[in-house]
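Q: Input run-v6.txt, format and content: compact mmCIF, C-alpha atoms and all ligand atoms.
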# COMPACT_ATOMS: atom_id res chain seq x y z
CA MET A 8 4.41 -12.54 -27.07
CA ILE A 9 5.45 -15.89 -25.59
CA HIS A 10 8.87 -16.60 -24.11
CA ILE A 11 9.64 -20.26 -23.58
CA ALA A 12 12.45 -20.44 -21.06
CA ALA A 13 14.70 -23.47 -20.75
CA SER A 14 14.26 -23.52 -16.98
CA TYR A 15 12.45 -21.90 -14.08
CA ARG A 16 15.65 -19.95 -13.40
CA GLU A 17 15.60 -18.51 -16.90
CA LEU A 18 11.86 -17.78 -16.67
CA SER A 19 12.52 -15.74 -13.51
CA ALA A 20 15.41 -13.88 -15.16
CA ILE A 21 13.32 -12.99 -18.23
CA ALA A 22 10.48 -11.71 -16.04
CA ALA A 23 12.88 -9.72 -13.83
CA CYS A 24 14.49 -8.06 -16.87
CA LEU A 25 11.07 -7.10 -18.15
CA VAL A 26 10.10 -5.51 -14.81
CA GLN A 27 13.46 -3.71 -14.64
CA GLN A 28 12.98 -2.32 -18.16
CA ARG A 29 9.48 -1.10 -17.37
CA ILE A 30 10.73 0.70 -14.23
CA GLU A 31 13.57 2.26 -16.19
CA ALA A 32 11.06 3.53 -18.73
CA LYS A 33 8.60 4.74 -16.06
CA LYS A 34 10.06 5.44 -12.62
CA ASP A 35 6.58 5.74 -11.07
CA LEU A 36 5.40 2.36 -12.39
CA VAL A 37 2.21 1.00 -10.81
CA LEU A 38 2.79 -2.73 -10.43
CA GLY A 39 0.35 -5.54 -9.57
CA LEU A 40 1.80 -8.40 -7.52
CA PRO A 41 0.73 -12.03 -7.19
CA ALA A 42 1.35 -14.49 -4.40
CA GLY A 43 2.05 -18.17 -5.07
CA ARG A 44 5.20 -20.16 -5.67
CA THR A 45 5.63 -19.15 -9.31
CA PRO A 46 6.82 -15.55 -8.79
CA LEU A 47 9.32 -16.47 -6.05
CA GLY A 48 12.24 -16.68 -8.49
CA LEU A 49 11.26 -13.34 -10.02
CA TYR A 50 11.07 -11.73 -6.58
CA ALA A 51 14.45 -13.15 -5.54
CA ARG A 52 15.99 -11.91 -8.76
CA LEU A 53 14.52 -8.40 -8.37
CA VAL A 54 15.83 -8.26 -4.80
CA SER A 55 19.36 -9.16 -5.91
CA MET A 56 19.19 -6.70 -8.82
CA HIS A 57 18.10 -4.02 -6.38
CA GLN A 58 20.91 -4.89 -3.96
CA ALA A 59 23.37 -4.66 -6.85
CA GLY A 60 22.07 -1.16 -7.61
CA ARG A 61 20.48 -2.22 -10.90
CA VAL A 62 16.86 -1.38 -10.12
CA ASP A 63 15.42 1.43 -8.02
CA PHE A 64 11.87 1.02 -6.71
CA SER A 65 11.68 4.43 -4.98
CA GLY A 66 9.03 5.71 -7.39
CA VAL A 67 7.09 2.45 -7.70
CA THR A 68 3.62 1.73 -6.31
CA THR A 69 2.45 -1.85 -5.78
CA PHE A 70 -0.99 -3.41 -5.52
CA ASN A 71 -1.41 -6.99 -4.41
CA LEU A 72 -3.83 -8.93 -6.58
CA ASP A 73 -5.71 -10.63 -3.79
CA GLU A 74 -5.92 -11.58 -0.13
CA TYR A 75 -7.69 -14.17 1.96
CA TYR A 76 -10.70 -12.88 3.92
CA PRO A 77 -10.83 -12.30 6.78
CA MET A 78 -7.08 -12.06 7.26
CA HIS A 79 -4.79 -9.86 9.28
CA PRO A 80 -1.84 -8.50 7.28
CA GLN A 81 0.55 -9.74 10.00
CA ASP A 82 -0.77 -13.30 9.72
CA PRO A 83 2.05 -15.30 8.10
CA ARG A 84 -0.53 -16.97 5.82
CA SER A 85 -1.59 -13.61 4.39
CA PHE A 86 -0.56 -12.68 0.87
CA ARG A 87 0.45 -9.29 2.23
CA ALA A 88 2.96 -10.96 4.55
CA PHE A 89 4.05 -13.24 1.70
CA THR A 90 4.87 -10.43 -0.73
CA CYS A 91 6.64 -8.49 2.06
CA ARG A 92 8.68 -11.52 3.13
CA HIS A 93 9.81 -12.44 -0.35
CA PHE A 94 10.03 -9.06 -2.04
CA LEU A 95 8.86 -5.78 -0.54
CA ASP A 96 10.85 -5.97 2.72
CA HIS A 97 14.05 -6.18 0.65
CA VAL A 98 13.54 -3.40 -1.89
CA ASN A 99 12.82 0.33 -1.62
CA VAL A 100 9.16 0.65 -2.58
CA PRO A 101 7.99 3.40 -0.18
CA ALA A 102 5.77 1.90 2.55
CA ASP A 103 2.94 4.32 1.77
CA ARG A 104 2.84 3.07 -1.82
CA VAL A 105 2.33 -0.58 -0.92
CA TYR A 106 -1.34 -1.53 -1.25
CA ALA A 107 -3.28 -4.71 -0.56
CA PRO A 108 -7.02 -5.30 -0.18
CA ASP A 109 -8.03 -4.60 3.44
CA ALA A 110 -9.05 -8.04 4.61
CA THR A 111 -9.68 -6.82 8.16
CA HIS A 112 -12.57 -4.56 7.08
CA PRO A 113 -15.90 -5.69 8.57
CA ARG A 114 -17.69 -4.72 5.34
CA PRO A 115 -15.70 -6.37 2.53
CA GLU A 116 -17.67 -4.63 -0.23
CA GLU A 117 -16.46 -1.27 1.13
CA ALA A 118 -12.87 -2.49 1.28
CA CYS A 119 -13.16 -3.62 -2.36
CA ALA A 120 -14.64 -0.32 -3.55
CA ALA A 121 -11.86 1.52 -1.69
CA TYR A 122 -9.27 -0.67 -3.39
CA GLU A 123 -10.62 0.14 -6.85
CA LEU A 124 -10.49 3.83 -5.91
CA GLU A 125 -6.88 3.52 -4.73
CA ILE A 126 -5.94 1.90 -8.05
CA ALA A 127 -7.69 4.70 -9.96
CA ARG A 128 -6.01 7.39 -7.79
CA ALA A 129 -2.61 5.84 -8.56
CA GLY A 130 -3.41 6.35 -12.25
CA GLY A 131 -4.34 2.72 -12.97
CA LEU A 132 -2.10 -0.32 -13.14
CA ASP A 133 0.79 -0.18 -15.61
CA LEU A 134 1.84 -3.80 -15.26
CA ILE A 135 0.42 -6.82 -13.46
CA ILE A 136 2.42 -9.99 -12.92
CA LEU A 137 0.11 -12.99 -12.88
CA GLY A 138 0.40 -16.62 -11.93
CA ILE A 139 -2.25 -19.15 -12.93
CA GLY A 140 -4.12 -21.63 -10.76
CA ARG A 141 -4.40 -25.22 -11.95
CA ASN A 142 -8.11 -24.57 -12.50
CA GLY A 143 -7.37 -21.47 -14.61
CA HIS A 144 -7.86 -18.86 -11.91
CA ILE A 145 -6.03 -15.54 -12.05
CA GLY A 146 -5.86 -13.67 -8.77
CA PHE A 147 -8.69 -15.48 -7.00
CA ASN A 148 -11.06 -15.31 -9.95
CA GLU A 149 -12.28 -18.87 -9.90
CA PRO A 150 -13.93 -20.67 -12.85
CA GLY A 151 -17.29 -19.09 -13.66
CA THR A 152 -16.17 -15.54 -12.79
CA ALA A 153 -17.74 -12.90 -15.04
CA PHE A 154 -15.22 -11.11 -17.22
CA ALA A 155 -16.85 -7.82 -16.10
CA SER A 156 -15.98 -8.55 -12.45
CA ARG A 157 -14.15 -5.98 -10.32
CA THR A 158 -12.48 -6.22 -6.90
CA ARG A 159 -14.88 -8.14 -4.67
CA LEU A 160 -15.39 -10.85 -2.07
CA VAL A 161 -15.10 -14.33 -3.59
CA ALA A 162 -15.63 -17.87 -2.33
CA LEU A 163 -12.68 -20.18 -2.88
CA THR A 164 -13.31 -23.53 -4.55
CA GLU A 165 -12.57 -26.80 -2.76
CA HIS A 166 -9.85 -27.34 -5.33
CA THR A 167 -8.10 -24.06 -4.45
CA MET A 168 -8.51 -24.69 -0.70
CA HIS A 169 -6.86 -28.07 -1.14
CA VAL A 170 -4.01 -26.77 -3.35
CA ASN A 171 -3.27 -23.74 -1.16
CA PHE A 172 -3.78 -25.13 2.33
CA GLY A 173 -3.60 -28.90 2.09
CA ARG A 174 -4.28 -30.41 5.53
CA GLU A 175 -4.74 -26.95 7.06
CA ALA A 176 -7.76 -26.30 4.79
CA ALA A 177 -10.35 -26.91 7.53
CA SER A 178 -9.06 -23.99 9.63
CA ALA A 179 -8.21 -21.69 6.70
CA PRO A 180 -10.34 -18.81 5.35
CA ARG A 181 -12.71 -19.91 2.60
CA LEU A 182 -13.15 -16.40 1.22
CA ALA A 183 -10.88 -13.87 -0.41
CA LEU A 184 -10.82 -10.34 -1.77
CA SER A 185 -9.58 -10.34 -5.34
CA MET A 186 -9.12 -7.87 -8.14
CA GLY A 187 -11.73 -8.82 -10.75
CA VAL A 188 -11.07 -9.99 -14.29
CA ALA A 189 -12.02 -6.52 -15.58
CA THR A 190 -9.71 -4.85 -13.05
CA ILE A 191 -6.86 -7.06 -14.28
CA MET A 192 -7.70 -6.57 -17.96
CA GLU A 193 -7.59 -2.78 -17.55
CA ALA A 194 -3.88 -2.87 -16.70
CA ALA A 195 -1.79 -1.46 -19.54
CA GLU A 196 0.34 -4.60 -19.63
CA LEU A 197 0.12 -8.14 -18.26
CA VAL A 198 2.79 -10.76 -17.72
CA LEU A 199 1.63 -14.32 -17.13
CA LEU A 200 4.12 -16.71 -15.50
CA ALA A 201 3.71 -20.48 -15.45
CA SER A 202 6.18 -23.16 -14.52
CA GLY A 203 6.10 -26.94 -14.43
CA ARG A 204 4.34 -29.79 -16.16
CA ASP A 205 1.36 -29.66 -13.81
CA LYS A 206 0.49 -26.22 -15.25
CA SER A 207 0.86 -27.23 -18.89
CA LEU A 208 -2.71 -28.36 -19.50
CA ILE A 209 -4.25 -25.23 -18.06
CA VAL A 210 -1.71 -23.00 -19.85
CA SER A 211 -2.69 -24.63 -23.13
CA ARG A 212 -6.43 -24.19 -22.39
CA ALA A 213 -5.94 -20.58 -21.27
CA LEU A 214 -3.89 -19.52 -24.28
CA TYR A 215 -5.30 -21.64 -27.09
CA GLY A 216 -8.72 -22.84 -25.90
CA PRO A 217 -12.06 -21.05 -26.11
CA VAL A 218 -12.30 -17.72 -24.30
CA THR A 219 -14.74 -18.57 -21.53
CA PRO A 220 -15.40 -17.62 -17.89
CA GLU A 221 -14.92 -21.34 -17.14
CA VAL A 222 -11.21 -20.66 -17.69
CA PRO A 223 -10.75 -17.16 -16.25
CA ALA A 224 -7.19 -16.90 -17.61
CA SER A 225 -8.55 -17.34 -21.15
CA ALA A 226 -9.71 -13.69 -20.93
CA LEU A 227 -6.02 -12.80 -21.30
CA GLN A 228 -6.21 -13.80 -24.98
CA HIS A 229 -8.02 -10.50 -25.51
CA HIS A 230 -5.44 -8.33 -23.77
CA PRO A 231 -3.53 -6.09 -26.19
CA ALA A 232 -0.23 -6.27 -24.28
CA LEU A 233 0.17 -9.76 -22.83
CA THR A 234 3.58 -11.36 -22.36
CA VAL A 235 3.62 -15.01 -21.37
CA VAL A 236 6.76 -16.40 -19.78
CA VAL A 237 6.73 -20.17 -19.31
CA ASP A 238 9.36 -22.82 -18.86
CA ARG A 239 9.53 -25.77 -21.24
CA ALA A 240 7.78 -28.06 -18.76
CA ALA A 241 4.73 -25.77 -18.76
CA THR A 242 4.42 -26.17 -22.55
CA ALA A 243 4.28 -29.98 -22.44
CA ALA A 244 0.54 -30.18 -23.14
CA THR A 245 0.78 -27.67 -25.98
CA ARG A 246 3.57 -29.67 -27.61
CA ASP A 247 1.64 -32.93 -27.24
CA GLN A 248 -1.37 -31.52 -29.12
C1 LIG B 301 -3.02 -18.59 -5.83
C2 LIG B 301 -3.19 -17.09 -6.08
C3 LIG B 301 -2.86 -16.72 -7.49
C4 LIG B 301 -1.68 -17.56 -7.95
C5 LIG B 301 -2.11 -18.99 -8.08
C6 LIG B 301 -1.00 -19.96 -8.49
O1 LIG B 301 -4.04 -19.14 -5.13
N1 LIG B 301 -4.44 -16.53 -5.72
O2 LIG B 301 -2.60 -15.33 -7.57
O3 LIG B 301 -1.25 -17.11 -9.21
O4 LIG B 301 -2.78 -19.43 -6.92
O5 LIG B 301 -0.12 -20.25 -7.44
P1 LIG B 301 1.26 -21.00 -7.67
O6 LIG B 301 2.14 -20.02 -8.38
O7 LIG B 301 1.75 -21.34 -6.31
O8 LIG B 301 0.97 -22.19 -8.52
Here is a file; write its structure as structure tokens.
A:
Amino acid sequence: MIHIAASYRELSAIAACLVQQRIEAKKDLVLGLPAGRTPLGLYARLVSMHQAGRVDFSGVTTFNLDEYYPMHPQDPRSFRAFTCRHFLDHVNVPADRVYAPDATHPRPEEACAAYELEIARAGGLDLIILGIGRNGHIGFNEPGTAFASRTRLVALTEHTMHVNFGREAASAPRLALSMGVATIMEAAELVLLASGRDKSLIVSRALYGPVTPEVPASALQHHPALTVVVDRAATAATRDQ
């Protein structure tokens, strides 16, 4: 299912309504959360819906998709801090049901195995919200990632370092812990968000191009319950074809 929103505002509203409906249907929803600019409108909208008494997160569990490594959760650059700042600090998800990969663990492979176990113990992910990198990454699954991949330590590409950190790239972590493509694909439902003309080429390749590890988001074509919410600008390349 593809929703083409007239604007980023509408995209965020559509995504927020979908999350609200899923929580209404399942109070103990297990929700996967992305960082990035794209979900900011969704997060703001969910916060205001919560403040207006329209959505109750008291039964919800959240799992962040990824985190830089090594990274302290209090570091303002961390995805943990990002999702708290923009969303979790303002809604009532119980603190003991907020999960993120432990990027302070000295043995990252153990932290990743523990994360997979925590997801399994929560009963698996019901819904993951995804953004998409300009190179087709989902979470931090960079081009070339095996579709069978699970939560693990990954090296970030130069492209991602540049996009995410700009001039600060030299002092930023070059590694991350990320849910794998298989971890993501096992969620019962996925919602992919993309906004803006600069995402339109990769959106078109991900949704209509060959399914290949070179475009990790193309794996989503095989998910049985994928909803794509894009604004018109993000469909520019598709329309030009
Ligand atoms: C980041 C994250 C992804 C995110 C993507 C797009 O690096 N690891 O989870 O979806 O890049 O970010 P943005 O929404 O800012 O374009």
Q: Could you list, as a PDB file with C-alpha atoms, keeping the file's coordinate frame, every residue within 7 Å of region 36-46 of chain A, counting all atoms listed in the file and ignoring same-chain residues fewer than 2 positions away?
A:
ATOM      1  CA  ILE A  30      10.730   0.700 -14.230  1.00  0.00           C
ATOM      2  CA  LYS A  33       8.600   4.740 -16.060  1.00  0.00           C
ATOM      3  CA  LYS A  34      10.060   5.440 -12.620  1.00  0.00           C
ATOM      4  CA  GLY A  48      12.240 -16.680  -8.490  1.00  0.00           C
ATOM      5  CA  LEU A  49      11.260 -13.340 -10.020  1.00  0.00           C
ATOM      6  CA  TYR A  50      11.070 -11.730  -6.580  1.00  0.00           C
ATOM      7  CA  VAL A  67       7.090   2.450  -7.700  1.00  0.00           C
ATOM      8  CA  THR A  68       3.620   1.730  -6.310  1.00  0.00           C
ATOM      9  CA  THR A  69       2.450  -1.850  -5.780  1.00  0.00           C
ATOM     10  CA  PHE A  70      -0.990  -3.410  -5.520  1.00  0.00           C
ATOM     11  CA  ASN A  71      -1.410  -6.990  -4.410  1.00  0.00           C
ATOM     12  CA  LEU A  72      -3.830  -8.930  -6.580  1.00  0.00           C
ATOM     13  CA  PHE A  86      -0.560 -12.680   0.870  1.00  0.00           C
ATOM     14  CA  PHE A  89       4.050 -13.240   1.700  1.00  0.00           C
ATOM     15  CA  THR A  90       4.870 -10.430  -0.730  1.00  0.00           C
ATOM     16  CA  LEU A 132      -2.100  -0.320 -13.140  1.00  0.00           C
ATOM     17  CA  ASP A 133       0.790  -0.180 -15.610  1.00  0.00           C
ATOM     18  CA  LEU A 134       1.840  -3.800 -15.260  1.00  0.00           C
ATOM     19  CA  ILE A 135       0.420  -6.820 -13.460  1.00  0.00           C
ATOM     20  CA  ILE A 136       2.420  -9.990 -12.920  1.00  0.00           C
ATOM     21  CA  LEU A 137       0.110 -12.990 -12.880  1.00  0.00           C
ATOM     22  CA  GLY A 138       0.400 -16.620 -11.930  1.00  0.00           C
ATOM     23  CA  GLY A 146      -5.860 -13.670  -8.770  1.00  0.00           C
ATOM     24  CA  LEU A 200       4.120 -16.710 -15.500  1.00  0.00           C
ATOM     25  CA  ALA A 201       3.710 -20.480 -15.450  1.00  0.00           C
ATOM     26  CA  SER A 202       6.180 -23.160 -14.520  1.00  0.00           C
TER      27      SER A 202
END
Q: So which residues touch region 186-192 of chain A within 10 Å, counting only C-alpha atoms, skipping near sequence neighbours fewer than 3 positions away, as a CSV table (one decimal) with C-alpha atoms, in the coordinates of the input?
A:
chain,number,residue,atom,x,y,z
A,39,GLY,CA,0.4,-5.5,-9.6
A,70,PHE,CA,-1.0,-3.4,-5.5
A,71,ASN,CA,-1.4,-7.0,-4.4
A,72,LEU,CA,-3.8,-8.9,-6.6
A,73,ASP,CA,-5.7,-10.6,-3.8
A,74,GLU,CA,-5.9,-11.6,-0.1
A,108,PRO,CA,-7.0,-5.3,-0.2
A,119,CYS,CA,-13.2,-3.6,-2.4
A,122,TYR,CA,-9.3,-0.7,-3.4
A,123,GLU,CA,-10.6,0.1,-6.8
A,126,ILE,CA,-5.9,1.9,-8.0
A,131,GLY,CA,-4.3,2.7,-13.0
A,132,LEU,CA,-2.1,-0.3,-13.1
A,134,LEU,CA,1.8,-3.8,-15.3
A,135,ILE,CA,0.4,-6.8,-13.5
A,136,ILE,CA,2.4,-10.0,-12.9
A,137,LEU,CA,0.1,-13.0,-12.9
A,144,HIS,CA,-7.9,-18.9,-11.9
A,145,ILE,CA,-6.0,-15.5,-12.0
A,146,GLY,CA,-5.9,-13.7,-8.8
A,147,PHE,CA,-8.7,-15.5,-7.0
A,148,ASN,CA,-11.1,-15.3,-10.0
A,149,GLU,CA,-12.3,-18.9,-9.9
A,152,THR,CA,-16.2,-15.5,-12.8
A,153,ALA,CA,-17.7,-12.9,-15.0
A,154,PHE,CA,-15.2,-11.1,-17.2
A,155,ALA,CA,-16.8,-7.8,-16.1
A,156,SER,CA,-16.0,-8.6,-12.4
A,157,ARG,CA,-14.2,-6.0,-10.3
A,158,THR,CA,-12.5,-6.2,-6.9
A,159,ARG,CA,-14.9,-8.1,-4.7
A,160,LEU,CA,-15.4,-10.8,-2.1
A,161,VAL,CA,-15.1,-14.3,-3.6
A,183,ALA,CA,-10.9,-13.9,-0.4
A,195,ALA,CA,-1.8,-1.5,-19.5
A,196,GLU,CA,0.3,-4.6,-19.6
A,197,LEU,CA,0.1,-8.1,-18.3
A,220,PRO,CA,-15.4,-17.6,-17.9
A,223,PRO,CA,-10.8,-17.2,-16.2
A,224,ALA,CA,-7.2,-16.9,-17.6
A,226,ALA,CA,-9.7,-13.7,-20.9
A,227,LEU,CA,-6.0,-12.8,-21.3
A,229,HIS,CA,-8.0,-10.5,-25.5
A,230,HIS,CA,-5.4,-8.3,-23.8
A,231,PRO,CA,-3.5,-6.1,-26.2
A,232,ALA,CA,-0.2,-6.3,-24.3
A,233,LEU,CA,0.2,-9.8,-22.8
Q: In Å, rounded to a single decimal, give me how far CA of Val105 (chain A) is from CA of Glu175 (chain A).
A: 28.4 Å
Q: Any idea what the distance is between CA of Pro113 (chain A) and CA of Ser185 (chain A)?
A: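 According to the coordinates, CA of Pro113 (chain A) and CA of Ser185 (chain A) are separated by 16.0 Å.
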Q: Nearest residue to ligand LIG 301 (chain B) out of A:Arg87, A:Arg104, A:His97, A:His112, using all atoms listed in the file?
A: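 Once distances to ligand LIG 301 (chain B) are computed over all atoms listed in the file, the minimum belongs to A:Arg87.
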Q: Save region 141-241 of chain A of the structure in the block above to a file, with C-alpha atoms included, as a compact mmCIF listing (two decimals), in the first residue's frame.
A:
# COMPACT_ATOMS: atom_id res chain seq x y z
CA ARG A 141 20.00 8.20 0.15
CA ASN A 142 22.07 5.10 -0.62
CA GLY A 143 19.13 2.78 0.15
CA HIS A 144 20.07 1.88 3.70
CA ILE A 145 17.43 0.94 6.25
CA GLY A 146 18.53 1.16 9.85
CA PHE A 147 22.28 1.14 9.24
CA ASN A 148 22.17 -1.72 6.76
CA GLU A 149 24.42 -0.25 4.13
CA PRO A 150 24.55 -1.38 0.46
CA GLY A 151 25.87 -4.93 0.21
CA THR A 152 24.24 -6.09 3.47
CA ALA A 153 23.03 -9.70 3.31
CA PHE A 154 19.27 -10.03 3.54
CA ALA A 155 19.85 -12.75 6.18
CA SER A 156 21.65 -10.26 8.46
CA ARG A 157 20.62 -9.83 12.09
CA THR A 158 21.52 -7.21 14.72
CA ARG A 159 25.28 -6.70 14.46
CA LEU A 160 28.20 -4.29 14.36
CA VAL A 161 28.42 -2.50 11.00
CA ALA A 162 30.89 -0.10 9.39
CA LEU A 163 29.33 3.10 8.09
CA THR A 164 30.07 4.14 4.53
CA GLU A 165 31.84 7.42 3.75
CA HIS A 166 28.58 8.55 2.18
CA THR A 167 26.61 7.98 5.40
CA MET A 168 29.35 9.59 7.52
CA HIS A 169 29.19 12.66 5.30
CA VAL A 170 25.37 12.85 5.25
CA ASN A 171 24.97 12.28 9.00
CA PHE A 172 27.92 14.22 10.41
CA GLY A 173 29.08 16.63 7.74
CA ARG A 174 32.16 18.50 9.00
CA GLU A 175 32.08 16.61 12.30
CA ALA A 176 32.65 13.29 10.47
CA ALA A 177 36.34 13.04 11.41
CA SER A 178 35.55 12.89 15.15
CA ALA A 179 32.35 10.82 14.83
CA PRO A 180 31.98 7.06 15.34
CA ARG A 181 32.47 5.08 12.13
CA LEU A 182 30.65 2.02 13.43
CA ALA A 183 27.11 1.28 14.49
CA LEU A 184 24.93 -1.46 15.93
CA SER A 185 21.94 -2.06 13.68
CA MET A 186 19.03 -4.43 13.47
CA GLY A 187 19.71 -6.59 10.42
CA VAL A 188 17.61 -6.81 7.28
CA ALA A 189 16.21 -10.16 8.50
CA THR A 190 15.41 -8.68 11.92
CA ILE A 191 13.49 -5.88 10.20
CA MET A 192 11.74 -8.20 7.75
CA GLU A 193 10.46 -10.38 10.62
CA ALA A 194 8.35 -7.52 11.98
CA ALA A 195 4.65 -8.15 11.39
CA GLU A 196 4.27 -4.78 9.69
CA LEU A 197 6.58 -2.14 8.22
CA VAL A 198 5.98 1.51 7.43
CA LEU A 199 8.51 3.23 5.19
CA LEU A 200 8.59 7.04 5.28
CA ALA A 201 10.35 9.19 2.68
CA SER A 202 10.15 12.89 2.08
CA GLY A 203 11.69 15.27 -0.42
CA ARG A 204 13.01 15.22 -3.95
CA ASP A 205 16.47 14.09 -2.87
CA LYS A 206 14.95 10.77 -1.76
CA SER A 207 12.92 10.21 -4.92
CA LEU A 208 15.54 8.31 -6.91
CA ILE A 209 16.30 5.87 -4.12
CA VAL A 210 12.58 5.44 -3.32
CA SER A 211 11.98 4.52 -6.95
CA ARG A 212 14.92 2.05 -6.96
CA ALA A 213 13.85 0.53 -3.63
CA LEU A 214 10.22 0.02 -4.58
CA TYR A 215 10.38 -0.69 -8.30
CA GLY A 216 13.97 -1.72 -9.04
CA PRO A 217 15.55 -5.15 -8.72
CA VAL A 218 15.52 -6.71 -5.25
CA THR A 219 19.22 -6.69 -4.41
CA PRO A 220 21.47 -6.28 -1.36
CA GLU A 221 22.99 -3.31 -3.23
CA VAL A 222 19.76 -1.50 -2.33
CA PRO A 223 18.94 -2.84 1.14
CA ALA A 224 15.50 -1.18 1.15
CA SER A 225 14.56 -3.21 -1.94
CA ALA A 226 14.13 -6.21 0.41
CA LEU A 227 10.94 -4.47 1.57
CA GLN A 228 9.29 -5.42 -1.74
CA HIS A 229 9.02 -8.92 -0.29
CA HIS A 230 7.38 -7.90 2.98
CA PRO A 231 3.74 -9.00 3.21
CA ALA A 232 2.57 -5.94 5.16
CA LEU A 233 4.47 -2.90 3.92
CA THR A 234 2.92 0.57 3.93
CA VAL A 235 4.85 3.30 2.17
CA VAL A 236 4.07 6.90 3.06
CA VAL A 237 5.80 9.46 0.84
CA ASP A 238 5.20 13.06 -0.04
CA ARG A 239 4.80 14.10 -3.67
CA ALA A 240 8.37 15.37 -3.86
CA ALA A 241 9.68 11.90 -2.99
